[in-house]
Amino acid sequence: MNMGYENLKIEKADNILLVTISREKQLNALNKQTIEELYELLIAEKENQTTSGVIITGAGEKSFVAGADINEFLNLDKGQAIALSERGHHVFNTIEDFPKPIIAAINGYALGGGLELALACHLRIASENARFGFPELNLGIIPGYGGTQRLPELIGKGRAMEMILTTQQITSNQALDYGLINDLVLKDQLLTAAKELIQKIISKSPEAVKSAIRAVNGNCRDKNGFKIEIDEFSKCCGTQNFREGVAAFLEKRPSKFQ
Ligand SMILES: C/C=C/C(=O)SCCNC(=O)CCNC(=O)[C@H](O)C(C)(C)COP(=O)(O)OP(=O)(O)OC[C@H]1O[C@@H](n2cnc3c(N)ncnc32)[C@H](O)[C@@H]1OP(=O)(O)O
């Protein structure tokens with residue numbers, strides 16, 4: 001199905017929309033355009049009677065989404081950082097509040113903004129080769145698309161603090177053990193398993209599914225926590241250490257933080 005998106009591939013069968021984030025050379029990193037395309041798609045699909053559920057995955061075998069596009073962090077100042085983070089929050093809140101089920105089918109790296117995208121989805125299913133992590137502190141920043149709130153909510157403060165502060169990636173087995181993902185499957189079975197899972201949900205009453213999502217979300221969003229995250233993310237983006245972290249990544253060398 002060609003809906004005029006540059007970075008999203010869209011397919012639909014049995015009322016299930018399969019959205020593939022398609023910037024394979026950049027490991028499906030989320031640049032601004034991809035974030036906007038995701039938003040535009042969700043707004044259109046919200047009212048589409050022929051869409052009952054959505055699966056989000058990444059193109060290729062290596063990566064789900066390797067985070068925000070670090071090229072767009074070059075010369076980012078504090079004001080631009082606030083705008084970037086606020087926009088990401090708005091789009092990911094739209095996913096979390098979507099009235100139809102959204103499942104992340106995690107086929108490889110889910111890092112930084114990619115893990116935050118998966119966390120905003122209602123359920124997560126991963127292949128055995130997937131890897132999860134928050135590498136932001138290696139860039140001199142913190143997660144800025146809701147991860148500091150949604151990760152502890154899902155796996156508890158201790159594990160979340162460990163993942164965010166150490167930047168250590170975890171495997172699919174660990175993610176299952178932590179409760180970060182709902183299921184783990186072989187990589188060639190990922191989409192079939194995601195479709196089976198979503199099929200179970202969309203066979204129920206759509207009104208009840210919508211109400212369940214709304215009710216479950218009702219108690220677990222700390223709006224003040226999101227505000228603090230946007231504020232702290234943008235403060236970090238004003239530092240020399242952030243500029244060093246971004247330069248080091250793009251120059252493929254270790255960072256030298258002060
Ligand atoms: C608010 C949100 C904030 C954030 O999300 S901050 C970003 C958080 N994410 C990261 O820091 C992850 C960055 N990526 C990596 O650390 C590595 O990649 C991987 C560990 C995922 C894979 O490493 P390897 O197998 O050695 O592949 P490769 O050569 O590094 O990547 C292939 C190409 O993909 C580009 N790329 C990867 N991730 C990003 C990204 N997040 N933004 C922009 N480009 C990215 C690379 O630069 C390279 O490109 P080329 O082939 O031209 O050298």
# chains A, B, ... in the order shown; residues from 1 in each chain; ligands from 1
call {"tool": "select_by_dssp", "arguments": {"residues": "range 51-127 of chain A", "states": "strand (DSSP E)", "output": "number ranges by chain"}}
result
A: 53-58, 63-65, 102-106, 109-111, 123-127
call {"tool": "residues_near_ligand", "arguments": {"ligand": "ligand 1", "cutoff": "7 Å", "atoms": "only C-alpha atoms and all ligand atoms", "output": "list in words"}}
result
Lys25, Gln26, Leu27, Ala29, Ala66, Gly67, Ala68, Asp69, Ile70, Asn71, Ser85, Tyr109, Leu111, Gly112, Gly113, Gly114, Phe134, Pro135, Glu136, Leu139, Pro143, Gly144, Tyr145 and Leu250 of chain A
call {"tool": "select_by_dssp", "arguments": {"residues": "range 20-168 of chain A", "states": "alpha helix (DSSP H)", "output": "NGL selection string"}}
result
:A and (32-46 or 78-96 or 113-120 or 147-155 or 157-166)
call {"tool": "closest_atom_pairs", "arguments": {"of": "range 176-216 of chain A", "to": "range 45-56 of chain A", "cutoff": "9 Å", "atoms": "only C-alpha atoms", "output": "tab-separated table"}}
result
residue	atom	partner	partner_atom	distance
A:Leu191	CA	A:Ile55	CA	8.5
A:Ala194	CA	A:Ile55	CA	7.2
A:Lys195	CA	A:Ile55	CA	7.7
A:Ile198	CA	A:Gly53	CA	6.7
A:Gln199	CA	A:Gly53	CA	8.3
A:Ile201	CA	A:Gly53	CA	8.4
A:Ile202	CA	A:Ser52	CA	6.2
A:Pro206	CA	A:Ser52	CA	7.9
call {"tool": "write_last_selection", "arguments": {"atoms": "N, CA, C and O atoms", "output": "PDB file, in the first residue's frame"}}
result
ATOM      1  N   LEU A 191       6.805 -11.759  12.872  1.00  0.00           N
ATOM      2  CA  LEU A 191       5.587 -11.089  12.384  1.00  0.00           C
ATOM      3  C   LEU A 191       4.361 -11.987  12.519  1.00  0.00           C
ATOM      4  O   LEU A 191       3.273 -11.507  12.862  1.00  0.00           O
ATOM      5  N   ALA A 194       3.374 -11.749  16.088  1.00  0.00           N
ATOM      6  CA  ALA A 194       2.762 -10.434  16.383  1.00  0.00           C
ATOM      7  C   ALA A 194       1.335 -10.384  15.838  1.00  0.00           C
ATOM      8  O   ALA A 194       0.411  -9.878  16.492  1.00  0.00           O
ATOM      9  N   LYS A 195       1.148 -10.953  14.639  1.00  0.00           N
ATOM     10  CA  LYS A 195      -0.204 -10.953  14.046  1.00  0.00           C
ATOM     11  C   LYS A 195      -1.152 -11.828  14.870  1.00  0.00           C
ATOM     12  O   LYS A 195      -2.310 -11.476  15.079  1.00  0.00           O
ATOM     13  N   ILE A 198      -2.102  -9.862  18.007  1.00  0.00           N
ATOM     14  CA  ILE A 198      -3.037  -8.749  17.768  1.00  0.00           C
ATOM     15  C   ILE A 198      -4.413  -9.292  17.357  1.00  0.00           C
ATOM     16  O   ILE A 198      -5.445  -8.711  17.710  1.00  0.00           O
ATOM     17  N   GLN A 199      -4.403 -10.421  16.649  1.00  0.00           N
ATOM     18  CA  GLN A 199      -5.672 -11.039  16.250  1.00  0.00           C
ATOM     19  C   GLN A 199      -6.518 -11.399  17.479  1.00  0.00           C
ATOM     20  O   GLN A 199      -7.729 -11.219  17.497  1.00  0.00           O
ATOM     21  N   ILE A 201      -6.578  -9.878  20.216  1.00  0.00           N
ATOM     22  CA  ILE A 201      -7.143  -8.650  20.802  1.00  0.00           C
ATOM     23  C   ILE A 201      -8.279  -8.110  19.947  1.00  0.00           C
ATOM     24  O   ILE A 201      -9.335  -7.755  20.464  1.00  0.00           O
ATOM     25  N   ILE A 202      -8.075  -8.094  18.619  1.00  0.00           N
ATOM     26  CA  ILE A 202      -9.092  -7.439  17.781  1.00  0.00           C
ATOM     27  C   ILE A 202     -10.324  -8.312  17.560  1.00  0.00           C
ATOM     28  O   ILE A 202     -11.304  -7.857  16.994  1.00  0.00           O
ATOM     29  N   PRO A 206     -14.423  -3.928  20.042  1.00  0.00           N
ATOM     30  CA  PRO A 206     -13.532  -2.766  19.876  1.00  0.00           C
ATOM     31  C   PRO A 206     -13.764  -1.691  20.945  1.00  0.00           C
ATOM     32  O   PRO A 206     -12.809  -1.039  21.387  1.00  0.00           O
TER      33      PRO A 206
END
call {"tool": "closest_residue", "arguments": {"among": "A:Leu41, A:Ala83, A:Leu176, A:Val209", "to": "Phe132 in chain A", "atoms": "only C-alpha atoms"}}
result
A:Leu176
call {"tool": "residues_around", "arguments": {"residues": "Ile106 in chain A", "least_positions_apart": "4", "cutoff": "7 Å", "atoms": "only C-alpha atoms", "output": "number ranges by chain"}}
result
A: 57, 64, 110, 125-127, 130
call {"tool": "closest_residue", "arguments": {"among": "A:Lys210, A:Arg124, A:Lys235, A:His89", "to": "Asp183 in chain A", "atoms": "only C-alpha atoms"}}
result
A:Arg124
call {"tool": "closest_residue", "arguments": {"among": "A:Ala105, A:Ile95, A:Leu74, A:Ile213", "to": "Lys187 in chain A", "atoms": "only C-alpha atoms"}}
result
A:Ala105
call {"tool": "residues_around", "arguments": {"residues": "Lys9 in chain A", "least_positions_apart": "3", "cutoff": "10 Å", "atoms": "only C-alpha atoms", "output": "NGL selection string"}}
result
:A and (1-6 or 18-22 or 57-59)
call {"tool": "residues_around", "arguments": {"residues": "Asn241 in chain A", "least_positions_apart": "5", "cutoff": "8 Å", "atoms": "only C-alpha atoms", "output": "ChimeraX atom specification"}}
result
/A:139-140,257-258
call {"tool": "atom_distance", "arguments": {"atom1": "CA of Ala81 in chain A", "atom2": "CA of Phe233 in chain A"}}
result
7.4 Å
call {"tool": "atom_distance", "arguments": {"atom1": "CA of Gly179 in chain A", "atom2": "CA of Arg150 in chain A"}}
result
12.4 Å
call {"tool": "atom_distance", "arguments": {"atom1": "CA of Glu244 in chain A", "atom2": "CA of Lys32 in chain A"}}
result
21.9 Å
